[in-house]
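What follows is the content of run.cif, which has mmCIF, C-alpha atoms and all ligand atoms:
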```cif
data_coords
#
loop_
_atom_site.label_atom_id
_atom_site.label_comp_id
_atom_site.auth_asym_id
_atom_site.auth_seq_id
_atom_site.Cartn_x
_atom_site.Cartn_y
_atom_site.Cartn_z
CA MET A 1 -16.96 18.92 2.20
CA ARG A 2 -19.73 17.69 -0.12
CA ILE A 3 -18.49 19.98 -2.87
CA PHE A 4 -14.95 18.70 -2.39
CA LEU A 5 -16.09 15.05 -2.65
CA PHE A 6 -18.14 15.86 -5.72
CA LEU A 7 -15.12 17.51 -7.37
CA LEU A 8 -12.95 14.48 -6.50
CA PHE A 9 -15.55 12.24 -8.08
CA LEU A 10 -15.68 14.43 -11.17
CA THR A 11 -11.94 14.26 -11.66
CA ASN A 12 -12.44 10.49 -11.72
CA ILE A 13 -9.85 9.66 -9.10
CA CYS A 14 -12.71 8.41 -6.98
CA ALA A 15 -14.31 5.86 -9.31
CA GLU A 16 -17.32 3.79 -8.26
CA TYR A 17 -15.50 0.72 -7.07
CA THR A 18 -16.38 -1.67 -4.25
CA VAL A 19 -13.93 -3.36 -1.86
CA GLN A 20 -14.38 -6.89 -0.52
CA THR A 21 -12.11 -8.46 2.14
CA LEU A 22 -10.84 -11.91 1.09
CA SER A 23 -8.41 -12.48 3.97
CA THR A 24 -7.34 -10.54 7.06
CA SER A 25 -3.98 -12.29 7.62
CA PRO A 26 -2.47 -11.65 5.17
CA ARG A 27 -4.64 -8.70 4.18
CA ILE A 28 -6.13 -9.42 0.73
CA TYR A 29 -8.91 -7.35 -0.88
CA TYR A 30 -10.82 -7.63 -4.14
CA ILE A 31 -11.84 -4.36 -5.77
CA GLU A 32 -14.59 -4.54 -8.35
CA ASN A 33 -14.71 -1.89 -11.11
CA PHE A 34 -11.39 -0.33 -10.12
CA LEU A 35 -10.58 0.53 -13.75
CA SER A 36 -13.00 1.42 -16.53
CA GLU A 37 -13.02 -0.58 -19.76
CA LYS A 38 -11.50 2.41 -21.53
CA GLU A 39 -8.64 2.62 -19.00
CA CYS A 40 -7.92 -1.12 -19.37
CA ASN A 41 -7.77 -0.84 -23.17
CA HIS A 42 -5.63 2.28 -22.90
CA LEU A 43 -3.01 0.52 -20.74
CA ILE A 44 -2.86 -2.46 -23.13
CA ASN A 45 -2.41 -0.17 -26.14
CA LEU A 46 0.25 1.88 -24.37
CA ALA A 47 2.22 -1.24 -23.42
CA THR A 48 1.93 -3.35 -26.57
CA PRO A 49 4.83 -1.81 -28.61
CA HIS A 50 7.22 -2.07 -25.62
CA LEU A 51 6.76 -5.65 -24.36
CA GLN A 52 9.88 -7.62 -23.39
CA PRO A 53 10.25 -11.05 -21.74
CA SER A 54 9.69 -10.65 -17.97
CA THR A 55 12.55 -11.11 -15.53
CA VAL A 56 12.90 -11.92 -11.82
CA ILE A 57 15.34 -10.48 -9.29
CA ASP A 58 18.77 -12.05 -9.51
CA ASP A 59 19.57 -12.56 -5.81
CA HIS A 60 23.30 -12.64 -6.50
CA THR A 61 23.66 -9.51 -8.62
CA ALA A 62 22.67 -5.97 -7.64
CA HIS A 63 20.34 -4.04 -10.01
CA LYS A 64 19.99 -6.88 -12.54
CA GLY A 65 17.03 -9.05 -13.45
CA LYS A 66 17.26 -12.50 -15.02
CA LEU A 67 14.99 -14.64 -17.17
CA ASP A 68 13.36 -17.48 -15.23
CA ALA A 69 11.13 -20.36 -16.35
CA ARG A 70 8.87 -19.68 -13.33
CA ARG A 71 7.79 -16.34 -14.87
CA THR A 72 6.81 -16.61 -18.53
CA SER A 73 4.96 -13.36 -19.20
CA GLN A 74 6.07 -10.37 -21.26
CA GLY A 75 5.97 -6.89 -19.82
CA MET A 76 7.04 -3.27 -19.63
CA PHE A 77 7.15 -0.45 -17.07
CA ILE A 78 5.24 2.77 -17.74
CA LEU A 79 8.15 5.11 -17.07
CA ASP A 80 7.74 8.89 -16.82
CA HIS A 81 8.41 9.60 -20.52
CA ILE A 82 5.37 7.52 -21.60
CA LYS A 83 3.16 8.32 -18.64
CA ASP A 84 0.06 10.29 -19.69
CA LYS A 85 -2.93 11.81 -17.88
CA THR A 86 -4.85 8.51 -17.81
CA VAL A 87 -1.94 6.75 -16.08
CA LEU A 88 -1.57 9.64 -13.62
CA ARG A 89 -5.31 9.50 -12.82
CA ILE A 90 -5.03 5.75 -12.11
CA GLU A 91 -1.98 6.36 -9.89
CA LYS A 92 -3.92 8.98 -7.92
CA ARG A 93 -6.80 6.52 -7.53
CA ILE A 94 -4.38 3.88 -6.19
CA ALA A 95 -2.98 6.37 -3.66
CA ALA A 96 -6.55 7.26 -2.54
CA LEU A 97 -7.45 3.56 -2.18
CA THR A 98 -4.34 2.48 -0.27
CA GLN A 99 -3.58 5.75 1.56
CA ILE A 100 0.04 5.18 0.52
CA PRO A 101 1.54 8.36 -1.05
CA ILE A 102 1.83 8.38 -4.85
CA GLU A 103 5.61 8.98 -4.46
CA ASN A 104 5.97 5.54 -2.83
CA GLY A 105 4.70 3.74 -5.92
CA GLU A 106 6.98 2.04 -8.43
CA SER A 107 6.08 2.68 -12.07
CA ILE A 108 3.09 0.59 -13.16
CA GLN A 109 4.17 -2.62 -14.89
CA VAL A 110 1.91 -4.00 -17.63
CA LEU A 111 2.14 -7.74 -18.27
CA GLN A 112 0.81 -10.02 -20.98
CA TYR A 113 0.46 -13.76 -20.34
CA LYS A 114 -0.12 -15.84 -23.46
CA GLN A 115 -1.80 -19.26 -23.28
CA GLY A 116 0.21 -21.46 -20.87
CA ALA A 117 2.13 -18.54 -19.36
CA GLU A 118 2.29 -18.21 -15.57
CA TYR A 119 4.08 -16.71 -12.60
CA GLN A 120 4.75 -19.47 -10.11
CA PRO A 121 4.27 -18.73 -6.40
CA HIS A 122 6.75 -16.17 -5.07
CA PHE A 123 7.07 -13.24 -2.69
CA ASP A 124 6.95 -9.63 -3.87
CA TYR A 125 9.09 -8.51 -0.91
CA PHE A 126 12.87 -8.37 -1.12
CA ASN A 127 15.34 -10.53 0.74
CA PRO A 128 17.70 -8.06 2.49
CA ALA A 129 20.28 -10.84 2.96
CA THR A 130 21.08 -11.02 -0.78
CA PRO A 131 22.90 -8.40 -2.91
CA GLY A 132 19.99 -8.36 -5.41
CA GLY A 133 17.35 -7.88 -2.68
CA ALA A 134 19.42 -5.24 -0.85
CA SER A 135 19.92 -3.19 -4.04
CA HIS A 136 16.13 -2.98 -4.48
CA LEU A 137 15.57 -2.13 -0.80
CA ASN A 138 17.82 0.92 -1.25
CA ARG A 139 15.29 2.45 -3.63
CA GLY A 140 12.44 3.01 -1.13
CA GLY A 141 12.34 0.13 1.34
CA GLN A 142 10.13 -2.92 1.27
CA ARG A 143 7.16 -3.48 -1.02
CA LEU A 144 4.47 -3.00 1.62
CA ALA A 145 1.62 -3.89 -0.71
CA SER A 146 0.92 -5.02 -4.29
CA LEU A 147 -2.04 -4.13 -6.49
CA ILE A 148 -2.82 -6.33 -9.48
CA MET A 149 -5.29 -4.77 -11.93
CA TYR A 150 -6.92 -7.05 -14.50
CA LEU A 151 -7.01 -5.48 -17.96
CA ASN A 152 -8.99 -8.27 -19.65
CA THR A 153 -10.96 -11.41 -18.80
CA PRO A 154 -9.06 -14.50 -19.98
CA ALA A 155 -11.21 -17.26 -21.54
CA SER A 156 -9.96 -19.70 -18.87
CA GLY A 157 -7.28 -19.88 -16.14
CA GLY A 158 -4.85 -17.17 -15.01
CA GLU A 159 -6.18 -16.93 -11.43
CA THR A 160 -4.10 -15.03 -8.88
CA ILE A 161 -3.51 -17.63 -6.17
CA PHE A 162 -2.44 -17.35 -2.53
CA PRO A 163 -1.48 -20.93 -1.52
CA SER A 164 -0.93 -20.16 2.20
CA ALA A 165 -4.06 -18.04 2.57
CA LYS A 166 -6.06 -20.47 0.39
CA VAL A 167 -7.46 -17.63 -1.71
CA SER A 168 -7.89 -17.62 -5.49
CA VAL A 169 -9.03 -14.64 -7.57
CA SER A 170 -10.32 -15.05 -11.12
CA PRO A 171 -9.17 -12.25 -13.39
CA LYS A 172 -12.03 -10.02 -14.54
CA LYS A 173 -11.56 -6.92 -16.69
CA GLY A 174 -11.53 -3.78 -14.51
CA GLY A 175 -11.21 -5.72 -11.22
CA ALA A 176 -8.13 -5.61 -8.99
CA VAL A 177 -6.61 -7.46 -6.05
CA LEU A 178 -4.75 -5.60 -3.31
CA PHE A 179 -2.61 -7.52 -0.84
CA TYR A 180 0.00 -6.73 1.78
CA ASN A 181 3.44 -8.30 1.69
CA CYS A 182 4.22 -7.04 5.19
CA SER A 183 2.32 -7.44 8.45
CA PRO A 184 0.78 -4.33 10.09
CA GLU A 185 3.93 -4.29 12.28
CA GLY A 186 6.05 -3.90 9.13
CA GLU A 187 7.61 -7.39 9.10
CA VAL A 188 7.72 -9.31 5.81
CA ASP A 189 4.89 -11.85 5.80
CA PRO A 190 5.57 -15.31 4.29
CA LYS A 191 1.79 -15.87 4.19
CA SER A 192 1.72 -13.36 1.31
CA LEU A 193 3.07 -16.10 -1.00
CA HIS A 194 1.16 -15.76 -4.27
CA GLY A 195 1.32 -16.61 -7.97
CA GLY A 196 -0.38 -16.27 -11.33
CA ALA A 197 -1.80 -19.66 -12.38
CA PRO A 198 -1.23 -20.75 -16.00
CA VAL A 199 -3.58 -19.23 -18.56
CA LYS A 200 -5.54 -22.17 -19.96
CA ASP A 201 -7.24 -20.48 -22.88
CA GLY A 202 -6.85 -17.02 -24.44
CA GLU A 203 -4.48 -14.48 -22.92
CA LYS A 204 -4.28 -12.46 -19.73
CA TRP A 205 -3.28 -8.82 -19.30
CA ILE A 206 -2.59 -7.20 -15.94
CA ALA A 207 -1.07 -4.00 -14.61
CA THR A 208 0.87 -4.32 -11.35
CA LYS A 209 1.64 -1.54 -8.90
CA TRP A 210 4.10 -2.19 -6.08
CA LEU A 211 3.89 0.21 -3.14
CA ARG A 212 6.97 0.91 -1.04
CA GLN A 213 7.50 1.95 2.58
CA HIS A 214 9.20 5.19 1.55
CA GLU A 215 9.49 7.39 -1.55
CA PHE A 216 10.57 5.26 -4.54
CA HIS A 217 13.59 6.48 -6.48
O1 LIG B 1 -0.50 -12.33 -12.80
C1 LIG B 1 -0.74 -12.48 -11.61
O2 LIG B 1 -1.86 -12.82 -11.24
C2 LIG B 1 0.35 -12.23 -10.65
C3 LIG B 1 0.43 -13.05 -9.56
C4 LIG B 1 1.44 -12.82 -8.67
C5 LIG B 1 1.29 -11.22 -10.80
C6 LIG B 1 2.26 -11.06 -9.83
N1 LIG B 1 2.33 -11.84 -8.77
C7 LIG B 1 3.28 -9.99 -9.88
O3 LIG B 1 3.35 -9.31 -10.93
O4 LIG B 1 4.01 -9.82 -8.89
ZN ZN B 2 3.86 -11.12 -7.29
#
```
Output the file's structure in the form of structure tokens.
Ligand code: PD2
Ligand code: ZN
Amino acid sequence: MRIFLFLLFLTNICAEYTVQTLSTSPRIYYIENFLSEKECNHLINLATPHLQPSTVIDDHTAHKGKLDARRTSQGMFILDHIKDKTVLRIEKRIAALTQIPIENGESIQVLQYKQGAEYQPHFDYFNPATPGGASHLNRGGQRLASLIMYLNTPASGGETIFPSAKVSVSPKKGGAVLFYNCSPEGEVDPKSLHGGAPVKDGEKWIATKWLRQHEFH
């Protein structure tokens, strides 16, 4: 067993991070040192040539996003053809942390928020009553949990806020926040309302991983 743990540590899936509980309902955790500095820089470099204005789900149209003034970042998904061994290692670490199989994860999305950019409070779960929400549900069920990994430390602002839970997390390079969009019983949880506060000074980079109930396809 010891040898196995040592090997896991060596392969770097099991990094030396610490987990702190910020709220139990909804479940919100802060993970310090989840990514190394090198991994943060790597994700930013990988994403930079591919950034596009971010979109939100268009409730009325299946499989289509739309621009929205409430989300003013730029981003990209790390799809399989750009995924490398560093990204795979991070995905394995996320699966080990959450105990949610790697197959249930959507592709990591990297986002850049310039000064003033924000993501106003919203839910990460889908509304099954709308064509847009239902089309996303078909690809692996609800987003059980979300992991936001901070790739830099903005000069000021850019906190991840949870207005109902009254929790605010300041972005710090290498840190991450894990929260559940569904209750332990599997119901969507309106208390998971959250947002990215405006960046006051400098810029903010994050990588987001959404974790589904079933295999994502
Ligand atoms: O940038 C953030 O802190 C943030 C906050 C809420 C990102 C997201 N949601 C998201 O990408 O869903
Ligand atoms: Zn969100």
Counting all atoms listed in the file, the option among A:Arg93, A:Lys38, A:Lys173, A:Lys166 closest to Met149 in chain A: A:Lys173
Selection: 6 Å around Lys191 in chain A, all atoms listed in the file, excl. self and same-chain fewer than 2 positions, as a list in words: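 My reading of the contact set: Ser164, Asp189 and Leu193 of chain A.
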Distance of CA of Asp68 in chain A from CA of Leu178 in chain A, expressed in Å to one decimal place: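 Going from CA of Leu178 in chain A over to CA of Asp68 in chain A covers 24.7 Å.
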Contacts of range 124-127 of chain A at 9 Å (only C-alpha atoms; same-chain gap of 6+ positions) as a VMD selection string: chain A and resid 57 59 133 to 134 136 to 137 141 to 146 181 to 182 188 to 189 192 to 194 210
Top pick for closest residue to ligand ZN 2 (chain B), considering A:Tyr113, A:Phe216, A:Tyr119, A:Tyr30 and counting all atoms listed in the file: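 Of all the options, A:Tyr119 lies closest to ligand ZN 2 (chain B).
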Pick from A:Arg70, A:Lys92, A:Lys114, A:His81 nearest to ligand ZN 2 (chain B), counting only C-alpha atoms and all ligand atoms: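 Counting only C-alpha atoms and all ligand atoms, the residue closest to ligand ZN 2 (chain B) is A:Arg70.
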Show me which residues are within 9 Å of ligand LIG 1 (chain B) counting all atoms listed in the file, and format the list as a PDB file with C-alpha atoms, keeping the file's coordinate frame.
```
ATOM      1  CA  SER A  73       4.960 -13.360 -19.200  1.00  0.00           C
ATOM      2  CA  GLN A 109       4.170  -2.620 -14.890  1.00  0.00           C
ATOM      3  CA  VAL A 110       1.910  -4.000 -17.630  1.00  0.00           C
ATOM      4  CA  LEU A 111       2.140  -7.740 -18.270  1.00  0.00           C
ATOM      5  CA  GLN A 112       0.810 -10.020 -20.980  1.00  0.00           C
ATOM      6  CA  TYR A 113       0.460 -13.760 -20.340  1.00  0.00           C
ATOM      7  CA  GLU A 118       2.290 -18.210 -15.570  1.00  0.00           C
ATOM      8  CA  TYR A 119       4.080 -16.710 -12.600  1.00  0.00           C
ATOM      9  CA  GLN A 120       4.750 -19.470 -10.110  1.00  0.00           C
ATOM     10  CA  PRO A 121       4.270 -18.730  -6.400  1.00  0.00           C
ATOM     11  CA  HIS A 122       6.750 -16.170  -5.070  1.00  0.00           C
ATOM     12  CA  PHE A 123       7.070 -13.240  -2.690  1.00  0.00           C
ATOM     13  CA  ASP A 124       6.950  -9.630  -3.870  1.00  0.00           C
ATOM     14  CA  SER A 146       0.920  -5.020  -4.290  1.00  0.00           C
ATOM     15  CA  LEU A 147      -2.040  -4.130  -6.490  1.00  0.00           C
ATOM     16  CA  ILE A 148      -2.820  -6.330  -9.480  1.00  0.00           C
ATOM     17  CA  MET A 149      -5.290  -4.770 -11.930  1.00  0.00           C
ATOM     18  CA  TYR A 150      -6.920  -7.050 -14.500  1.00  0.00           C
ATOM     19  CA  GLY A 158      -4.850 -17.170 -15.010  1.00  0.00           C
ATOM     20  CA  GLU A 159      -6.180 -16.930 -11.430  1.00  0.00           C
ATOM     21  CA  THR A 160      -4.100 -15.030  -8.880  1.00  0.00           C
ATOM     22  CA  ILE A 161      -3.510 -17.630  -6.170  1.00  0.00           C
ATOM     23  CA  PHE A 162      -2.440 -17.350  -2.530  1.00  0.00           C
ATOM     24  CA  VAL A 169      -9.030 -14.640  -7.570  1.00  0.00           C
ATOM     25  CA  SER A 170     -10.320 -15.050 -11.120  1.00  0.00           C
ATOM     26  CA  PRO A 171      -9.170 -12.250 -13.390  1.00  0.00           C
ATOM     27  CA  VAL A 177      -6.610  -7.460  -6.050  1.00  0.00           C
ATOM     28  CA  LEU A 193       3.070 -16.100  -1.000  1.00  0.00           C
ATOM     29  CA  HIS A 194       1.160 -15.760  -4.270  1.00  0.00           C
ATOM     30  CA  GLY A 195       1.320 -16.610  -7.970  1.00  0.00           C
ATOM     31  CA  GLY A 196      -0.380 -16.270 -11.330  1.00  0.00           C
ATOM     32  CA  ALA A 197      -1.800 -19.660 -12.380  1.00  0.00           C
ATOM     33  CA  LYS A 204      -4.280 -12.460 -19.730  1.00  0.00           C
ATOM     34  CA  TRP A 205      -3.280  -8.820 -19.300  1.00  0.00           C
ATOM     35  CA  ILE A 206      -2.590  -7.200 -15.940  1.00  0.00           C
ATOM     36  CA  ALA A 207      -1.070  -4.000 -14.610  1.00  0.00           C
ATOM     37  CA  THR A 208       0.870  -4.320 -11.350  1.00  0.00           C
ATOM     38  CA  LYS A 209       1.640  -1.540  -8.900  1.00  0.00           C
ATOM     39  CA  TRP A 210       4.100  -2.190  -6.080  1.00  0.00           C
TER      40      TRP A 210
END
```
Nearest residue to ligand ZN 2 (chain B) from the set A:Tyr29, A:Phe179, A:Leu67, A:Gly140 (distances using only C-alpha atoms and all ligand atoms):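 Under the stated criterion, the closest residue is A:Phe179.
Of the residues listed (A:Arg71, A:His50, A:His42, A:Arg27), A:Arg71 shows the shortest atom-to-atom separation from ligand ZN 2 (chain B); distances use all atoms listed in the file.
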Separation of CA of Pro53 in chain A from CA of Gly105 in chain A, in Å and rounded to one decimal: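 Taking CA of Pro53 in chain A and CA of Gly105 in chain A, their separation equals 22.4 Å.
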Which residue of A:Gly175, A:Gly186, A:Thr153, A:Tyr180 approaches ligand ZN 2 (chain B) most closely, using only C-alpha atoms and all ligand atoms: A:Tyr180
Gap from CA of Asn41 in chain A to CA of Gln74 in chain A - Å, one decimal: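 Calculated distance between CA of Asn41 in chain A and CA of Gln74 in chain A is 16.9 Å.
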Within 10 Å of Leu46 in chain A using all atoms listed in the file, minus same-chain residues under 2 positions, as a ChimeraX atom specification: /A:41-44,48-51,76,78,82-84,87,110
With C-alpha atoms kept, could you save the residues just selected as a JSON list (two decimals), in the frame of the given file?
```json
[["chain", "number", "residue", "atom", "x", "y", "z"],
["A", 41, "ASN", "CA", -7.77, -0.84, -23.17],
["A", 42, "HIS", "CA", -5.63, 2.28, -22.90],
["A", 43, "LEU", "CA", -3.01, 0.52, -20.74],
["A", 44, "ILE", "CA", -2.86, -2.46, -23.13],
["A", 48, "THR", "CA", 1.93, -3.35, -26.57],
["A", 49, "PRO", "CA", 4.83, -1.81, -28.61],
["A", 50, "HIS", "CA", 7.22, -2.07, -25.62],
["A", 51, "LEU", "CA", 6.76, -5.65, -24.36],
["A", 76, "MET", "CA", 7.04, -3.27, -19.63],
["A", 78, "ILE", "CA", 5.24, 2.77, -17.74],
["A", 82, "ILE", "CA", 5.37, 7.52, -21.60],
["A", 83, "LYS", "CA", 3.16, 8.32, -18.64],
["A", 84, "ASP", "CA", 0.06, 10.29, -19.69],
["A", 87, "VAL", "CA", -1.94, 6.75, -16.08],
["A", 110, "VAL", "CA", 1.91, -4.00, -17.63]]
```
Sel. within 9 Å of pt (-11.6, -4.9, -2.1), counting only C-alpha atoms, output as a list in words: Tyr17, Thr18, Val19, Gln20, Thr21, Leu22, Ile28, Tyr29, Tyr30, Ile31, Glu32, Ala176, Val177 and Leu178 of chain A
